[in-house]
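Asks: Structure: final20.txt, compact mmCIF, C-alpha atoms.
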```txt
# COMPACT_ATOMS: atom_id res chain seq x y z
CA MET D 9 134.31 165.44 113.67
CA THR D 10 130.55 165.10 113.47
CA ARG D 11 128.96 161.95 114.77
CA ARG D 12 127.54 159.81 112.02
CA SER D 13 124.14 158.32 112.67
CA ARG D 14 123.22 154.68 112.44
CA ASN D 15 121.99 153.63 109.02
CA TRP D 16 118.77 151.94 110.13
CA PRO D 17 117.39 150.93 106.70
CA LEU D 18 120.31 148.50 106.35
CA TRP D 19 119.42 146.69 109.56
CA VAL D 20 115.69 146.72 108.96
CA GLY D 21 116.23 145.66 105.34
CA PHE D 22 118.34 142.68 106.35
CA ALA D 23 115.83 141.71 109.05
CA THR D 24 113.04 141.92 106.47
CA ALA D 25 114.97 139.67 104.08
CA LEU D 26 115.38 137.08 106.84
CA LEU D 27 111.69 137.38 107.69
CA ALA D 28 110.79 136.98 104.01
CA ALA D 29 112.76 133.74 103.74
CA PHE D 30 111.89 132.13 107.05
CA SER D 31 108.22 133.05 107.30
CA TYR D 32 107.19 130.90 104.33
CA VAL D 33 107.35 127.42 105.81
CA PRO D 34 106.05 128.11 109.32
CA PHE D 35 103.45 130.69 108.35
CA PHE D 36 102.54 131.40 104.74
CA VAL D 37 102.26 127.74 103.62
CA LYS D 38 99.26 127.46 105.94
CA PHE D 39 97.14 129.55 103.59
CA PRO D 40 96.49 128.31 100.07
CA VAL D 41 96.61 131.84 98.62
CA THR D 42 100.13 132.45 99.87
CA ARG D 43 101.38 128.87 99.45
CA ASP D 44 100.76 127.99 95.81
CA PHE D 45 102.68 131.06 94.75
CA PRO D 46 104.78 132.76 97.47
CA TRP D 47 103.83 136.33 96.51
CA ALA D 48 103.69 137.48 100.15
CA ASN D 49 107.31 136.46 100.60
CA LEU D 50 108.33 138.06 97.33
CA VAL D 51 106.67 141.32 98.46
CA LEU D 52 108.69 141.13 101.68
CA PHE D 53 111.87 140.54 99.67
CA LEU D 54 111.03 143.55 97.52
CA ALA D 55 110.60 145.69 100.65
CA ALA D 56 113.92 144.36 101.97
CA GLY D 57 115.61 145.22 98.68
CA CYS D 58 114.24 148.78 98.76
CA LEU D 59 115.37 149.32 102.35
CA LEU D 60 118.83 147.96 101.63
CA ALA D 61 119.09 150.13 98.53
CA ILE D 62 118.17 153.22 100.55
CA GLY D 63 120.67 152.26 103.27
CA LEU D 64 123.46 151.63 100.79
CA TYR D 65 122.73 154.85 98.96
CA ARG D 66 122.95 156.80 102.21
CA ALA D 67 126.18 155.04 103.23
CA PHE D 68 127.96 155.72 99.96
CA ALA D 69 126.44 159.06 98.89
CA GLN D 70 126.53 160.69 102.32
CA PRO D 71 129.36 158.94 104.17
CA GLU D 72 129.84 162.01 106.36
CA ARG D 73 126.35 161.59 107.79
CA TYR D 74 125.69 157.85 107.72
CA ARG D 75 127.60 154.76 108.67
CA GLY D 76 127.23 151.39 107.01
CA LYS D 77 129.66 151.19 104.12
CA ILE D 78 130.98 147.85 105.30
CA SER D 79 127.95 146.50 107.17
CA GLY D 80 125.74 147.60 104.28
CA VAL D 81 127.70 145.57 101.77
CA ILE D 82 127.71 142.55 104.08
CA PHE D 83 123.95 142.82 104.67
CA GLY D 84 123.34 143.29 100.97
CA VAL D 85 125.32 140.22 99.98
CA LEU D 86 123.77 138.08 102.72
CA SER D 87 120.28 139.21 101.74
CA LEU D 88 120.94 138.35 98.10
CA ALA D 89 122.17 134.91 99.17
CA VAL D 90 119.06 134.35 101.29
CA PHE D 91 116.86 135.45 98.37
CA GLY D 92 118.74 133.11 96.03
CA LEU D 93 118.29 130.14 98.38
CA PHE D 94 114.60 130.93 98.75
CA CYS D 95 114.08 131.03 94.98
CA PHE D 96 116.09 127.84 94.57
CA GLY D 97 113.90 126.04 97.11
CA VAL D 98 110.54 127.31 95.92
CA PHE D 99 111.04 127.48 92.17
CA TRP D 100 113.43 124.57 91.65
CA LEU D 101 113.53 122.06 94.52
CA ALA D 102 109.76 122.06 95.07
CA ARG D 103 109.17 121.60 91.33
CA ASN D 104 111.78 118.91 90.95
CA ILE D 105 109.27 116.07 90.79
CA PRO D 106 108.67 113.52 88.01
CA ARG D 107 105.97 114.45 85.50
CA ALA D 108 103.90 111.28 85.92
CA GLU D 109 103.36 110.70 82.22
CA THR D 110 102.20 107.12 82.71
CA ALA D 111 99.53 108.01 85.27
CA PRO D 112 96.03 106.81 84.33
CA ARG D 113 94.06 109.51 82.58
CA VAL D 114 90.43 110.49 82.82
CA GLY D 115 88.31 107.70 81.34
CA GLN D 116 90.93 105.02 81.92
CA ARG D 117 90.59 102.25 84.43
CA ALA D 118 92.12 102.86 87.87
CA PRO D 119 94.64 100.05 88.54
CA GLU D 120 93.34 97.63 91.17
CA PHE D 121 95.42 97.41 94.34
CA THR D 122 95.70 95.56 97.62
CA LEU D 123 97.34 97.60 100.35
CA THR D 124 97.57 97.40 104.12
CA GLY D 125 95.65 99.69 106.44
CA LEU D 126 96.71 101.10 109.78
CA ASP D 127 96.04 97.89 111.68
CA GLY D 128 97.64 95.60 109.10
CA ASN D 129 94.36 94.69 107.40
CA SER D 130 94.28 94.27 103.62
CA VAL D 131 92.25 96.80 101.69
CA THR D 132 91.52 96.61 97.95
CA LEU D 133 90.30 99.32 95.62
CA SER D 134 87.22 97.20 94.80
CA GLN D 135 86.30 97.11 98.48
CA LEU D 136 86.66 100.88 98.73
CA ARG D 137 84.49 101.38 95.64
CA GLN D 138 81.71 99.24 97.09
CA GLY D 139 79.04 101.36 98.70
CA ASN D 140 80.70 104.59 97.65
CA ARG D 141 80.00 106.80 94.71
CA PHE D 142 83.59 107.98 94.47
CA VAL D 143 86.95 107.16 95.97
CA VAL D 144 89.56 109.93 96.17
CA LEU D 145 93.09 108.50 96.09
CA ILE D 146 95.56 110.98 97.56
CA PHE D 147 99.15 109.95 96.92
CA TYR D 148 101.47 111.85 99.22
CA ARG D 149 105.18 111.89 99.85
CA GLY D 150 104.93 110.55 103.38
CA TYR D 151 106.93 111.39 106.41
CA TRP D 152 109.20 108.34 106.42
CA MET F 14 95.44 116.76 104.20
CA ARG F 15 94.34 118.82 107.14
CA SER F 16 91.97 120.65 104.82
CA PHE F 17 90.49 117.33 103.67
CA GLU F 18 89.94 116.28 107.29
CA ARG F 19 88.10 119.54 107.93
CA ARG F 20 85.80 119.00 104.93
CA LEU F 21 85.34 115.26 105.45
CA ALA F 22 81.62 115.65 106.16
CA GLU F 23 81.10 117.13 102.69
CA PHE F 24 82.81 114.14 101.11
CA ARG F 25 80.81 111.72 103.27
CA ALA F 26 77.62 113.51 102.21
CA ARG F 27 78.59 112.69 98.62
CA ASP F 28 79.27 109.01 99.49
CA THR F 29 82.94 109.55 98.83
CA GLU F 30 85.82 107.80 100.53
CA ILE F 31 89.10 109.69 101.04
CA VAL F 32 92.19 107.48 100.95
CA GLY F 33 95.76 108.60 101.63
CA ILE F 34 98.48 106.40 100.11
CA SER F 35 102.21 106.64 100.81
CA VAL F 36 105.27 104.46 101.41
CA ASP F 37 104.96 105.10 105.16
CA SER F 38 104.37 102.02 107.32
CA GLY F 39 101.06 101.54 109.10
CA GLU F 40 102.85 102.42 112.33
CA GLU F 41 104.07 105.76 110.93
CA SER F 42 100.65 106.57 109.47
CA ARG F 43 98.99 105.72 112.76
CA LYS F 44 101.28 108.19 114.54
CA LEU F 45 100.47 110.81 111.91
CA CYS F 46 96.73 110.25 112.36
CA GLN F 47 97.01 110.44 116.13
CA SER F 48 99.04 113.64 116.12
CA GLN F 49 97.02 115.39 113.39
CA GLY F 50 93.60 113.96 114.20
CA TYR F 51 93.07 112.44 110.75
CA THR F 52 90.17 110.01 110.61
CA PHE F 53 90.04 109.06 106.93
CA THR F 54 91.59 105.92 105.46
CA PHE F 55 95.38 105.59 105.22
CA LEU F 56 97.03 102.81 103.26
CA SER F 57 100.67 101.73 103.22
CA ASP F 58 102.55 100.93 100.05
CA PRO F 59 106.06 100.33 101.47
CA ARG F 60 107.42 98.82 98.24
CA ALA F 61 105.73 101.53 96.15
CA GLU F 62 104.02 98.94 93.92
CA THR F 63 100.69 100.73 93.71
CA ILE F 64 102.48 104.06 93.50
CA ARG F 65 104.37 102.70 90.49
CA ALA F 66 101.18 101.26 88.96
CA TYR F 67 99.65 104.72 89.09
CA GLY F 68 102.71 106.24 87.46
CA VAL F 69 103.39 108.58 90.36
CA LEU F 70 106.69 107.16 91.59
CA HIS F 71 109.34 109.69 92.58
CA GLU F 72 112.51 107.62 92.39
CA HIS F 73 114.97 108.40 95.18
CA GLY F 74 112.72 111.30 96.17
CA GLY F 75 112.96 110.56 99.89
CA GLU F 76 115.40 112.14 102.27
CA ARG F 77 117.53 109.00 102.39
CA GLY F 78 117.13 108.36 98.68
CA GLN F 79 114.21 105.96 99.00
CA ASP F 80 111.50 105.75 96.36
CA ILE F 81 108.39 107.68 97.36
CA ALA F 82 105.19 108.97 95.78
CA ARG F 83 104.99 112.36 94.11
CA PRO F 84 101.87 114.25 95.17
CA ALA F 85 98.91 113.21 92.98
CA GLU F 86 95.16 112.78 93.34
CA PHE F 87 92.76 110.54 91.42
CA LEU F 88 88.99 110.54 91.59
CA VAL F 89 87.72 107.01 90.90
CA ASP F 90 84.04 106.26 90.38
CA ARG F 91 82.04 103.22 91.46
CA GLU F 92 82.88 101.37 88.25
CA GLY F 93 86.61 101.87 88.77
CA THR F 94 87.05 104.51 86.10
CA VAL F 95 89.27 107.54 86.68
CA ARG F 96 87.02 110.60 86.45
CA TRP F 97 89.39 113.39 87.47
CA VAL F 98 93.15 113.68 87.98
CA ASN F 99 95.32 116.30 89.63
CA LEU F 100 99.08 116.16 89.07
CA THR F 101 100.72 119.16 90.68
CA GLU F 102 103.95 120.62 89.32
CA SER F 103 105.19 121.78 92.70
CA ILE F 104 105.07 119.97 96.00
CA LEU F 105 104.06 123.30 97.54
CA ALA F 106 100.95 123.72 95.39
CA ARG F 107 98.58 121.17 96.87
CA LEU F 108 95.11 120.13 95.94
CA ARG F 109 92.39 121.96 97.81
CA PRO F 110 89.20 120.10 98.76
CA ASP F 111 87.18 122.76 96.92
CA MET F 112 88.72 121.77 93.61
CA ILE F 113 87.74 118.14 93.92
CA LEU F 114 84.29 118.82 95.42
CA ARG F 115 83.57 121.11 92.48
CA ALA F 116 84.82 118.48 90.05
CA MET F 117 82.59 115.85 91.66
CA ASP F 118 79.52 118.04 91.56
CA GLY F 119 80.21 118.79 87.90
CA LEU F 120 80.44 115.08 87.15
CA ASP F 121 77.19 114.37 88.95
CA ALA F 122 75.38 116.75 86.64
CA GLU F 123 76.50 114.79 83.61
CA PRO F 124 74.45 111.82 82.49
CA ARG F 125 76.18 108.61 83.47
CA SER F 126 77.27 106.58 80.50
CA ARG F 127 76.83 102.89 81.04
```
Give the structure from the file, written as structure tokens.
Replies:
Amino acid sequence: MTRRSRNWPLWVGFATALLAAFSYVPFFVKFPVTRDFPWANLVLFLAAGCLLAIGLYRAFAQPERYRGKISGVIFGVLSLAVFGLFCFGVFWLARNIPRAETAPRVGQRAPEFTLTGLDGNSVTLSQLRQGNRFVVLIFYRGYW
Amino acid sequence: MRSFERRLAEFRARDTEIVGISVDSGEESRKLCQSQGYTFTFLSDPRAETIRAYGVLHEHGGERGQDIARPAEFLVDREGTVRWVNLTESILARLRPDMILRAMDGLDAEPRSR
């Protein structure tokens, strides 16, 4: 019986799929070009898919030479699941925010407010406007 | 917001105040400023009243189901008029300082209507 060699594209493909999913938040969100649309991660997923396809092809078309019929299927399914979760997070969860239809539009008056600053002091929009040409109000989700 | 901190001098040069508003308490915002080195103004809206007034409430959007703000930016001029608005469709696609600086410089070129 001939020794069958390890089917490396399966392992590398699965590793690439994991890298594609878990590199977005710690790394690619730091750069506006790769954050607004996660094309870098999608390219990595595409590479992972190609590697897995090559590995699976070798495992099933040349079973006498390559291993990986079982591991290949497991890696393939897991990679698809990881890809699905990634798409769910980026294309659904991140976009699942209200549309803000009642927000003041350009030309309308900005609602006056009185809020508290870091040291508990009251700050109004009128105060902020005084002495400034513009005020940029950045509403953010917060860190709770 | 890190990118706004980095470009703060350009906003200051245009006599523009940057203000971050969220439901976080002053204590939480102070910790955020200390850890991230933010020096611009942070305001607390714990009951989300101003957030609601600006139509940017995300009901039960917080991790524990609390009401929070959806990301949104408004450029308000000296007279209190909204001059530019950015309402993102994804919490991942954030406003870049460039976009608002460009918008401000465009507005400056226009004659002011009084």
Asks: By how many Å are CA of Ala28 (chain D) and CA of Phe53 (chain D) apart?
Replies: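 CA of Phe53 (chain D) lies at a distance of 5.7 Å from CA of Ala28 (chain D).
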Asks: Could you name the residues that touch Leu108 (chain F) at 8 Å or less, counting all atoms listed in the file, but leaving out those on the same chain fewer than 4 positions away, as a PyMOL selection string?
Replies: chain F and resi 86+99+101+112-113
Asks: Hey, which of F:Tyr67, F:Trp97, F:Gly33, F:Gly39 ends up closest to Phe55 (chain F)? Count only C-alpha atoms.
Replies: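 Answer, going by the shortest atom-to-atom distance: F:Gly33.
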Asks: Of the residues F:Gly119, F:Pro84, F:Gly50, F:Gly74, which is the one nearest to chain D, using only C-alpha atoms?
Replies: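 Using only C-alpha atoms, the shortest distance to chain D belongs to F:Pro84.
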Asks: Find the residues in chain D near chain F: any atom within 8 Å counts, using only C-alpha atoms. Write them as an NGL selection string.
Replies: :D and (37 or 40 or 43-45 or 98 or 102-119 or 121 or 123-128 or 131 or 134 or 136-152)
Asks: For region 82-85 of chain D, list every protein, DNA or RNA residue within 9 Å, evaluated using all atoms listed in the file, and leave out those in the same chain fewer than 3 positions away; present the list as a list in words.
Replies: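 My list of contacting residues is Leu18, Trp19, Gly21, Phe22, Gly57, Leu60, Ala61, Leu64, Lys77, Ile78, Ser79, Leu88, Ala89 and Val90 of chain D.
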Asks: Go through D:Gln135, D:Arg14, D:Leu101, D:Ala25 and flag the residue nearest Tyr74 (chain D), using all atoms listed in the file for the distances.
Replies: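 With all atoms listed in the file as the atom set, the closest residue is D:Arg14.
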Asks: Can you measure CA of Arg66 (chain D) to CA of Phe94 (chain D) for me? One decimal in Å is fine.
Replies: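 Value for the CA of Arg66 (chain D)-CA of Phe94 (chain D) distance: 27.4 Å.
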Asks: In Å to one decimal, how far is CA of Pro46 (chain D) from CA of Pro17 (chain D)?
Replies: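 Interatomic distance here is 24.0 Å.
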